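Structure file run28.pdb with PDB, C-alpha atoms:
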ATOM      1  CA  MET A   1     -93.101  10.720 -34.352  1.00  0.00           C
ATOM      2  CA  SER A   2     -91.713   8.620 -31.551  1.00  0.00           C
ATOM      3  CA  MET A   3     -92.344   9.514 -27.896  1.00  0.00           C
ATOM      4  CA  LEU A   4     -88.592   9.896 -27.336  1.00  0.00           C
ATOM      5  CA  ARG A   5     -88.342  12.404 -30.174  1.00  0.00           C
ATOM      6  CA  ASN A   6     -91.367  14.351 -28.838  1.00  0.00           C
ATOM      7  CA  ALA A   7     -89.756  14.462 -25.401  1.00  0.00           C
ATOM      8  CA  ALA A   8     -86.474  15.736 -26.884  1.00  0.00           C
ATOM      9  CA  ILE A   9     -88.267  18.471 -28.846  1.00  0.00           C
ATOM     10  CA  GLY A  10     -90.281  19.416 -25.745  1.00  0.00           C
ATOM     11  CA  ALA A  11     -87.093  19.670 -23.674  1.00  0.00           C
ATOM     12  CA  ALA A  12     -85.451  21.827 -26.347  1.00  0.00           C
ATOM     13  CA  LEU A  13     -88.468  24.135 -26.503  1.00  0.00           C
ATOM     14  CA  LEU A  14     -88.596  24.403 -22.706  1.00  0.00           C
ATOM     15  CA  GLY A  15     -84.886  25.291 -22.642  1.00  0.00           C
ATOM     16  CA  CYS A  16     -85.525  28.064 -25.135  1.00  0.00           C
ATOM     17  CA  VAL A  17     -88.560  29.515 -23.356  1.00  0.00           C
ATOM     18  CA  LEU A  18     -87.214  29.609 -19.795  1.00  0.00           C
ATOM     19  CA  PRO A  19     -84.176  31.839 -20.403  1.00  0.00           C
ATOM     20  CA  GLY A  20     -86.572  34.646 -21.390  1.00  0.00           C
ATOM     21  CA  ALA A  21     -88.436  34.502 -18.093  1.00  0.00           C
ATOM     22  CA  VAL A  22     -87.374  36.587 -15.129  1.00  0.00           C
ATOM     23  CA  MET A  23     -86.680  34.139 -12.334  1.00  0.00           C
ATOM     24  CA  ALA A  24     -85.382  34.768  -8.868  1.00  0.00           C
ATOM     25  CA  ALA A  25     -81.867  33.494  -8.295  1.00  0.00           C
ATOM     26  CA  ASP A  26     -80.732  32.277  -4.898  1.00  0.00           C
ATOM     27  CA  ASN A  27     -79.678  34.896  -2.396  1.00  0.00           C
ATOM     28  CA  VAL A  28     -76.234  33.918  -1.133  1.00  0.00           C
ATOM     29  CA  LEU A  29     -74.365  34.691   2.073  1.00  0.00           C
ATOM     30  CA  THR A  30     -70.567  34.278   1.885  1.00  0.00           C
ATOM     31  CA  LEU A  31     -68.320  34.138   4.945  1.00  0.00           C
ATOM     32  CA  VAL A  32     -64.530  34.370   4.909  1.00  0.00           C
ATOM     33  CA  ILE A  33     -63.229  32.814   8.140  1.00  0.00           C
ATOM     34  CA  GLY A  34     -59.868  31.756   9.534  1.00  0.00           C
ATOM     35  CA  GLY A  35     -59.436  29.410  12.439  1.00  0.00           C
ATOM     36  CA  GLU A  36     -57.347  27.852  15.148  1.00  0.00           C
ATOM     37  CA  ALA A  37     -57.793  24.113  15.674  1.00  0.00           C
ATOM     38  CA  TYR A  38     -57.283  22.134  18.851  1.00  0.00           C
ATOM     39  CA  ASP A  39     -58.474  18.535  18.979  1.00  0.00           C
ATOM     40  CA  GLY A  40     -60.427  19.241  15.770  1.00  0.00           C
ATOM     41  CA  PRO A  41     -61.317  22.280  13.666  1.00  0.00           C
ATOM     42  CA  PRO A  42     -63.473  25.159  14.879  1.00  0.00           C
ATOM     43  CA  LYS A  43     -67.139  24.781  13.956  1.00  0.00           C
ATOM     44  CA  PHE A  44     -69.673  27.559  13.586  1.00  0.00           C
ATOM     45  CA  GLU A  45     -73.269  28.336  12.771  1.00  0.00           C
ATOM     46  CA  VAL A  46     -74.606  31.310  10.847  1.00  0.00           C
ATOM     47  CA  SER A  47     -78.020  32.925  11.083  1.00  0.00           C
ATOM     48  CA  PHE A  48     -79.758  35.472   8.867  1.00  0.00           C
ATOM     49  CA  ASP A  49     -82.457  37.666  10.387  1.00  0.00           C
ATOM     50  CA  GLY A  50     -82.685  35.267  13.357  1.00  0.00           C
ATOM     51  CA  HIS A  51     -83.010  32.100  11.223  1.00  0.00           C
ATOM     52  CA  LEU A  52     -80.277  29.461  11.224  1.00  0.00           C
ATOM     53  CA  ILE A  53     -79.176  29.058   7.589  1.00  0.00           C
ATOM     54  CA  GLY A  54     -76.076  26.919   7.939  1.00  0.00           C
ATOM     55  CA  LYS A  55     -73.183  25.381   9.797  1.00  0.00           C
ATOM     56  CA  GLY A  56     -69.562  24.832   8.862  1.00  0.00           C
ATOM     57  CA  ALA A  57     -66.094  23.862  10.032  1.00  0.00           C
ATOM     58  CA  VAL A  58     -62.828  25.612   9.178  1.00  0.00           C
ATOM     59  CA  GLU A  59     -60.941  22.497   8.088  1.00  0.00           C
ATOM     60  CA  SER A  60     -57.914  24.585   7.041  1.00  0.00           C
ATOM     61  CA  ALA A  61     -57.499  26.054  10.563  1.00  0.00           C
ATOM     62  CA  ILE A  62     -53.973  26.147  11.971  1.00  0.00           C
ATOM     63  CA  ASP A  63     -53.282  23.270  14.376  1.00  0.00           C
ATOM     64  CA  THR A  64     -52.336  25.083  17.591  1.00  0.00           C
ATOM     65  CA  GLY A  65     -50.813  21.935  19.075  1.00  0.00           C
ATOM     66  CA  ASN A  66     -48.328  21.445  16.218  1.00  0.00           C
ATOM     67  CA  ASP A  67     -48.088  24.606  14.105  1.00  0.00           C
ATOM     68  CA  GLY A  68     -48.554  27.521  16.517  1.00  0.00           C
ATOM     69  CA  ARG A  69     -51.114  30.297  16.644  1.00  0.00           C
ATOM     70  CA  PHE A  70     -53.004  32.139  13.910  1.00  0.00           C
ATOM     71  CA  ALA A  71     -51.614  35.467  15.122  1.00  0.00           C
ATOM     72  CA  ASP A  72     -48.036  34.248  14.647  1.00  0.00           C
ATOM     73  CA  ALA A  73     -48.521  32.740  11.165  1.00  0.00           C
ATOM     74  CA  ASN A  74     -46.616  34.561   8.414  1.00  0.00           C
ATOM     75  CA  ASP A  75     -49.205  33.527   5.806  1.00  0.00           C
ATOM     76  CA  LYS A  76     -52.662  33.580   7.395  1.00  0.00           C
ATOM     77  CA  ALA A  77     -54.326  32.870   4.020  1.00  0.00           C
ATOM     78  CA  ALA A  78     -53.364  29.203   4.390  1.00  0.00           C
ATOM     79  CA  TYR A  79     -55.692  28.977   7.416  1.00  0.00           C
ATOM     80  CA  VAL A  80     -58.673  30.867   5.937  1.00  0.00           C
ATOM     81  CA  GLN A  81     -61.681  29.469   4.035  1.00  0.00           C
ATOM     82  CA  SER A  82     -64.677  30.846   2.207  1.00  0.00           C
ATOM     83  CA  PHE A  83     -68.158  29.417   2.865  1.00  0.00           C
ATOM     84  CA  GLU A  84     -71.381  29.994   0.917  1.00  0.00           C
ATOM     85  CA  PHE A  85     -74.893  29.570   2.279  1.00  0.00           C
ATOM     86  CA  ARG A  86     -78.201  29.943   0.439  1.00  0.00           C
ATOM     87  CA  ILE A  87     -80.617  32.383   2.069  1.00  0.00           C
ATOM     88  CA  PRO A  88     -84.199  31.102   1.632  1.00  0.00           C
ATOM     89  CA  ASP A  89     -86.552  33.573  -0.053  1.00  0.00           C
ATOM     90  CA  ASP A  90     -88.941  33.539   2.910  1.00  0.00           C
ATOM     91  CA  VAL A  91     -86.063  34.593   5.208  1.00  0.00           C
ATOM     92  CA  PHE A  92     -84.304  37.157   2.994  1.00  0.00           C
ATOM     93  CA  ALA A  93     -84.660  40.843   3.807  1.00  0.00           C
ATOM     94  CA  PRO A  94     -82.321  43.623   2.622  1.00  0.00           C
ATOM     95  CA  GLY A  95     -80.373  44.991   5.581  1.00  0.00           C
ATOM     96  CA  ALA A  96     -81.119  42.000   7.834  1.00  0.00           C
ATOM     97  CA  GLU A  97     -78.740  40.987  10.601  1.00  0.00           C
ATOM     98  CA  VAL A  98     -76.160  38.231  10.090  1.00  0.00           C
ATOM     99  CA  ARG A  99     -74.729  36.430  13.133  1.00  0.00           C
ATOM    100  CA  VAL A 100     -71.850  33.945  13.334  1.00  0.00           C
ATOM    101  CA  ARG A 101     -71.166  31.863  16.458  1.00  0.00           C
ATOM    102  CA  LEU A 102     -68.370  29.430  17.396  1.00  0.00           C
ATOM    103  CA  THR A 103     -70.099  26.214  18.478  1.00  0.00           C
ATOM    104  CA  ASN A 104     -67.280  24.002  19.773  1.00  0.00           C
ATOM    105  CA  GLU A 105     -64.887  26.072  21.888  1.00  0.00           C
ATOM    106  CA  ALA A 106     -61.961  24.160  23.372  1.00  0.00           C
ATOM    107  CA  PHE A 107     -58.991  25.390  25.400  1.00  0.00           C
ATOM    108  CA  GLY A 108     -56.004  23.360  26.547  1.00  0.00           C
ATOM    109  CA  GLY A 109     -55.353  25.482  29.626  1.00  0.00           C
ATOM    110  CA  GLU A 110     -52.987  28.285  30.519  1.00  0.00           C
ATOM    111  CA  GLY A 111     -49.550  27.915  28.963  1.00  0.00           C
ATOM    112  CA  SER A 112     -50.573  25.046  26.677  1.00  0.00           C
ATOM    113  CA  ASN A 113     -50.923  27.235  23.545  1.00  0.00           C
ATOM    114  CA  ARG A 114     -53.784  24.916  22.468  1.00  0.00           C
ATOM    115  CA  ASP A 115     -57.017  26.664  21.597  1.00  0.00           C
ATOM    116  CA  ARG A 116     -59.927  26.655  19.150  1.00  0.00           C
ATOM    117  CA  ASN A 117     -61.047  30.066  17.827  1.00  0.00           C
ATOM    118  CA  LEU A 118     -62.592  31.767  14.786  1.00  0.00           C
ATOM    119  CA  PHE A 119     -61.283  34.797  12.882  1.00  0.00           C
ATOM    120  CA  LEU A 120     -63.982  36.440  10.737  1.00  0.00           C
ATOM    121  CA  ALA A 121     -62.667  38.511   7.814  1.00  0.00           C
ATOM    122  CA  SER A 122     -65.902  39.348   5.980  1.00  0.00           C
ATOM    123  CA  VAL A 123     -69.613  38.746   5.520  1.00  0.00           C
ATOM    124  CA  ALA A 124     -71.113  39.240   2.059  1.00  0.00           C
ATOM    125  CA  VAL A 125     -74.732  39.040   0.933  1.00  0.00           C
ATOM    126  CA  ASN A 126     -75.230  38.752  -2.817  1.00  0.00           C
ATOM    127  CA  GLY A 127     -71.659  39.946  -3.324  1.00  0.00           C
ATOM    128  CA  ARG A 128     -71.900  43.062  -1.128  1.00  0.00           C
ATOM    129  CA  ALA A 129     -69.202  42.623   1.525  1.00  0.00           C
ATOM    130  CA  VAL A 130     -68.928  43.914   5.073  1.00  0.00           C
ATOM    131  CA  THR A 131     -65.402  43.773   6.506  1.00  0.00           C
ATOM    132  CA  LEU A 132     -63.977  44.378   9.978  1.00  0.00           C
ATOM    133  CA  SER A 133     -65.102  48.016  10.248  1.00  0.00           C
ATOM    134  CA  GLY A 134     -68.737  46.908   9.812  1.00  0.00           C
ATOM    135  CA  LEU A 135     -68.557  43.920  12.186  1.00  0.00           C
ATOM    136  CA  SER A 136     -69.252  43.920  15.906  1.00  0.00           C
ATOM    137  CA  THR A 137     -69.370  41.420  18.758  1.00  0.00           C
ATOM    138  CA  ALA A 138     -72.443  40.595  20.821  1.00  0.00           C
ATOM    139  CA  ASP A 139     -72.979  38.492  23.924  1.00  0.00           C
ATOM    140  CA  VAL A 140     -75.952  37.870  26.246  1.00  0.00           C
ATOM    141  CA  ASN A 141     -75.784  41.508  27.393  1.00  0.00           C
ATOM    142  CA  GLY A 142     -75.910  42.956  23.867  1.00  0.00           C
ATOM    143  CA  ILE A 143     -73.059  44.603  21.982  1.00  0.00           C
ATOM    144  CA  ALA A 144     -69.724  43.738  23.611  1.00  0.00           C
ATOM    145  CA  PRO A 145     -66.167  44.974  23.125  1.00  0.00           C
ATOM    146  CA  SER A 146     -64.678  43.431  19.989  1.00  0.00           C
ATOM    147  CA  GLU A 147     -61.338  41.677  19.911  1.00  0.00           C
ATOM    148  CA  THR A 148     -59.519  42.044  16.613  1.00  0.00           C
ATOM    149  CA  LEU A 149     -56.383  40.691  14.991  1.00  0.00           C
ATOM    150  CA  GLY A 150     -55.296  42.671  11.943  1.00  0.00           C
ATOM    151  CA  GLU A 151     -58.316  42.613   9.606  1.00  0.00           C
ATOM    152  CA  PHE A 152     -60.113  39.837  11.518  1.00  0.00           C
ATOM    153  CA  LEU A 153     -62.821  39.908  14.195  1.00  0.00           C
ATOM    154  CA  VAL A 154     -61.892  37.264  16.796  1.00  0.00           C
ATOM    155  CA  LEU A 155     -64.477  34.900  18.327  1.00  0.00           C
ATOM    156  CA  LEU A 156     -62.982  33.196  21.358  1.00  0.00           C
ATOM    157  CA  ASP A 157     -65.961  31.223  22.633  1.00  0.00           C
ATOM    158  CA  GLY A 158     -69.590  30.329  22.033  1.00  0.00           C
ATOM    159  CA  ASN A 159     -70.846  33.109  24.299  1.00  0.00           C
ATOM    160  CA  GLN A 160     -69.881  35.660  21.647  1.00  0.00           C
ATOM    161  CA  GLN A 161     -71.371  36.236  18.217  1.00  0.00           C
ATOM    162  CA  ALA A 162     -70.073  38.254  15.313  1.00  0.00           C
ATOM    163  CA  VAL A 163     -72.806  40.613  14.114  1.00  0.00           C
ATOM    164  CA  SER A 164     -73.173  42.334  10.764  1.00  0.00           C
ATOM    165  CA  LYS A 165     -75.980  44.122   9.017  1.00  0.00           C
ATOM    166  CA  ALA A 166     -76.302  42.837   5.468  1.00  0.00           C
ATOM    167  CA  ARG A 167     -75.664  45.745   3.138  1.00  0.00           C
ATOM    168  CA  ALA A 168     -78.903  46.642   1.427  1.00  0.00           C
ATOM    169  CA  ALA A 169     -78.286  45.842  -2.212  1.00  0.00           C
ATOM    170  CA  GLY A 170     -81.643  46.738  -3.700  1.00  0.00           C
ATOM    171  CA  GLY A 171     -83.525  43.583  -2.782  1.00  0.00           C
ATOM    172  CA  ARG A 172     -83.515  40.031  -4.005  1.00  0.00           C
ATOM    173  CA  ARG A 173     -81.082  38.775  -6.588  1.00  0.00           C
ATOM    174  CA  ARG A 174     -82.634  38.173 -10.011  1.00  0.00           C
ATOM    175  CA  ALA A 175     -81.530  36.023 -12.905  1.00  0.00           C
ATOM    176  CA  PRO A 176     -80.552  38.026 -16.000  1.00  0.00           C
ATOM    177  CA  ARG A 177     -83.264  38.609 -18.605  1.00  0.00           C
ATOM    178  CA  SER A 178     -83.031  37.202 -22.079  1.00  0.00           C
ATOM    179  CA  ARG A 179     -81.877  39.733 -24.655  1.00  0.00           C
ATOM    180  CA  ARG A 180     -84.754  38.740 -26.936  1.00  0.00           C
ATOM    181  CA  PRO A 181     -87.658  37.704 -24.687  1.00  0.00           C
ATOM    182  CA  SER A 182     -90.322  38.130 -27.391  1.00  0.00           C
ATOM    183  CA  SER A 183     -88.663  36.074 -30.124  1.00  0.00           C
ATOM    184  CA  TRP A 184     -87.313  32.559 -30.408  1.00  0.00           C
ATOM    185  CA  PRO A 185     -83.519  32.268 -30.332  1.00  0.00           C
ATOM    186  CA  SER A 186     -82.225  31.158 -33.749  1.00  0.00           C
ATOM    187  CA  ASP A 187     -80.803  27.894 -32.388  1.00  0.00           C
ATOM    188  CA  CYS A 188     -84.155  26.672 -30.998  1.00  0.00           C
ATOM    189  CA  PRO A 189     -86.434  24.533 -33.177  1.00  0.00           C
ATOM    190  CA  SER A 190     -89.917  25.800 -33.950  1.00  0.00           C
ATOM    191  CA  ALA A 191     -92.949  23.785 -32.862  1.00  0.00           C
ATOM    192  CA  GLY A 192     -93.463  22.296 -36.330  1.00  0.00           C
ATOM    193  CA  SER A 193     -89.796  21.656 -37.065  1.00  0.00           C
ATOM    194  CA  SER A 194     -88.641  18.170 -37.998  1.00  0.00           C
ATOM    195  CA  THR A 195     -84.965  18.638 -37.122  1.00  0.00           C
TER     196      THR A 195
END
What would you get if you wrote out this structure as structure tokens?
Amino acid sequence: MSMLRNAAIGAALLGCVLPGAVMAADNVLTLVIGGEAYDGPPKFEVSFDGHLIGKGAVESAIDTGNDGRFADANDKAAYVQSFEFRIPDDVFAPGAEVRVRLTNEAFGGEGSNRDRNLFLASVAVNGRAVTLSGLSTADVNGIAPSETLGEFLVLLDGNQQAVSKARAAGGRRRAPRSRRPSSWPSDCPSAGSST
């Protein structure tokens, strides 16, 4: 048998064995955020249980210099994006705290109508979402009064953070188990097969 053929059979066998194993799948944090842009989009960072897990920019944010303000937009969905971040296994804990912070605040001055802000709609961990009623605002003094706009928590500057407790969803996410872990699937070759 050629080495190439042996490698192909080995890869096929490996593909058949692994689906039967229980493997941890990535834990995922999903943010739904709207934004107002001024001289560039609003940027943010997100932490999970005190560990920075990602950064992003709301590229679809409404341009406050040309298109007006988020609050005045008839269709806010056009200025909202969804972001996904992997939560490392060594950081994940059910019920941990999620924090989101605006990192590049800009303001054009009174009367200019130019501003850069974030509008947080939801935080989800492994598909379990927390919306406005479960979000709060924190600053250097602890929990602060929250500013809201409809179903959004508003972050006006980098001194504020949106805070959410991840809904405990029974622990880490797991990959589905094979339906027949103790037998070979019919489409996998056996070790002695010459196909």
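Comparing the minimum interatomic distances between Phe83 (chain A) and each of A:Ser122, A:Gln160, A:Ser133, A:Ser146, counting all atoms listed in the file, we find that A:Ser122 sits nearest.
By chain and then residue number, the residues within 10 Å of Leu52 (chain A) are Glu45, Val46, Ser47, Phe48, Asp49, Gly50, Gly54, Lys55, Ile87, Val91, Val98, Arg99 and Val100 of chain A, counting only C-alpha atoms and disregarding those fewer than 2 positions away in sequence.
The residues returned by the PyMOL selection byres ((chain A and resi 148) around 12) on the shown structure are Ala71, Leu118, Phe119, Leu120, Ala121, Thr131, Leu132, Ser133, Leu135, Ser136, Thr137, Pro145, Ser146, Glu147, Leu149, Gly150, Glu151, Phe152, Leu153, Val154, Leu155, Leu156 and Ala162 of chain A.
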Under the PyMOL selection byres ((chain A and resi 103) around 9), which residues of this model are included? Write them out as a ChimeraX atom specification. /A:42-45,101-102,104-105,157-158
Specify as a short mmCIF file (atom, residue, chain, number, x, y, z; two decimals) with C-alpha atoms, keeping the file's coordinate frame each residue included when the PyMOL selection byres ((chain A and resi 36) around 6) is applied to this file.
data_model
loop_
_atom_site.label_atom_id
_atom_site.label_comp_id
_atom_site.auth_asym_id
_atom_site.auth_seq_id
_atom_site.Cartn_x
_atom_site.Cartn_y
_atom_site.Cartn_z
CA GLY A 35 -59.44 29.41 12.44
CA ALA A 37 -57.79 24.11 15.67
CA ALA A 61 -57.50 26.05 10.56
CA ILE A 62 -53.97 26.15 11.97
CA ARG A 116 -59.93 26.66 19.15
CA ASN A 117 -61.05 30.07 17.83
#
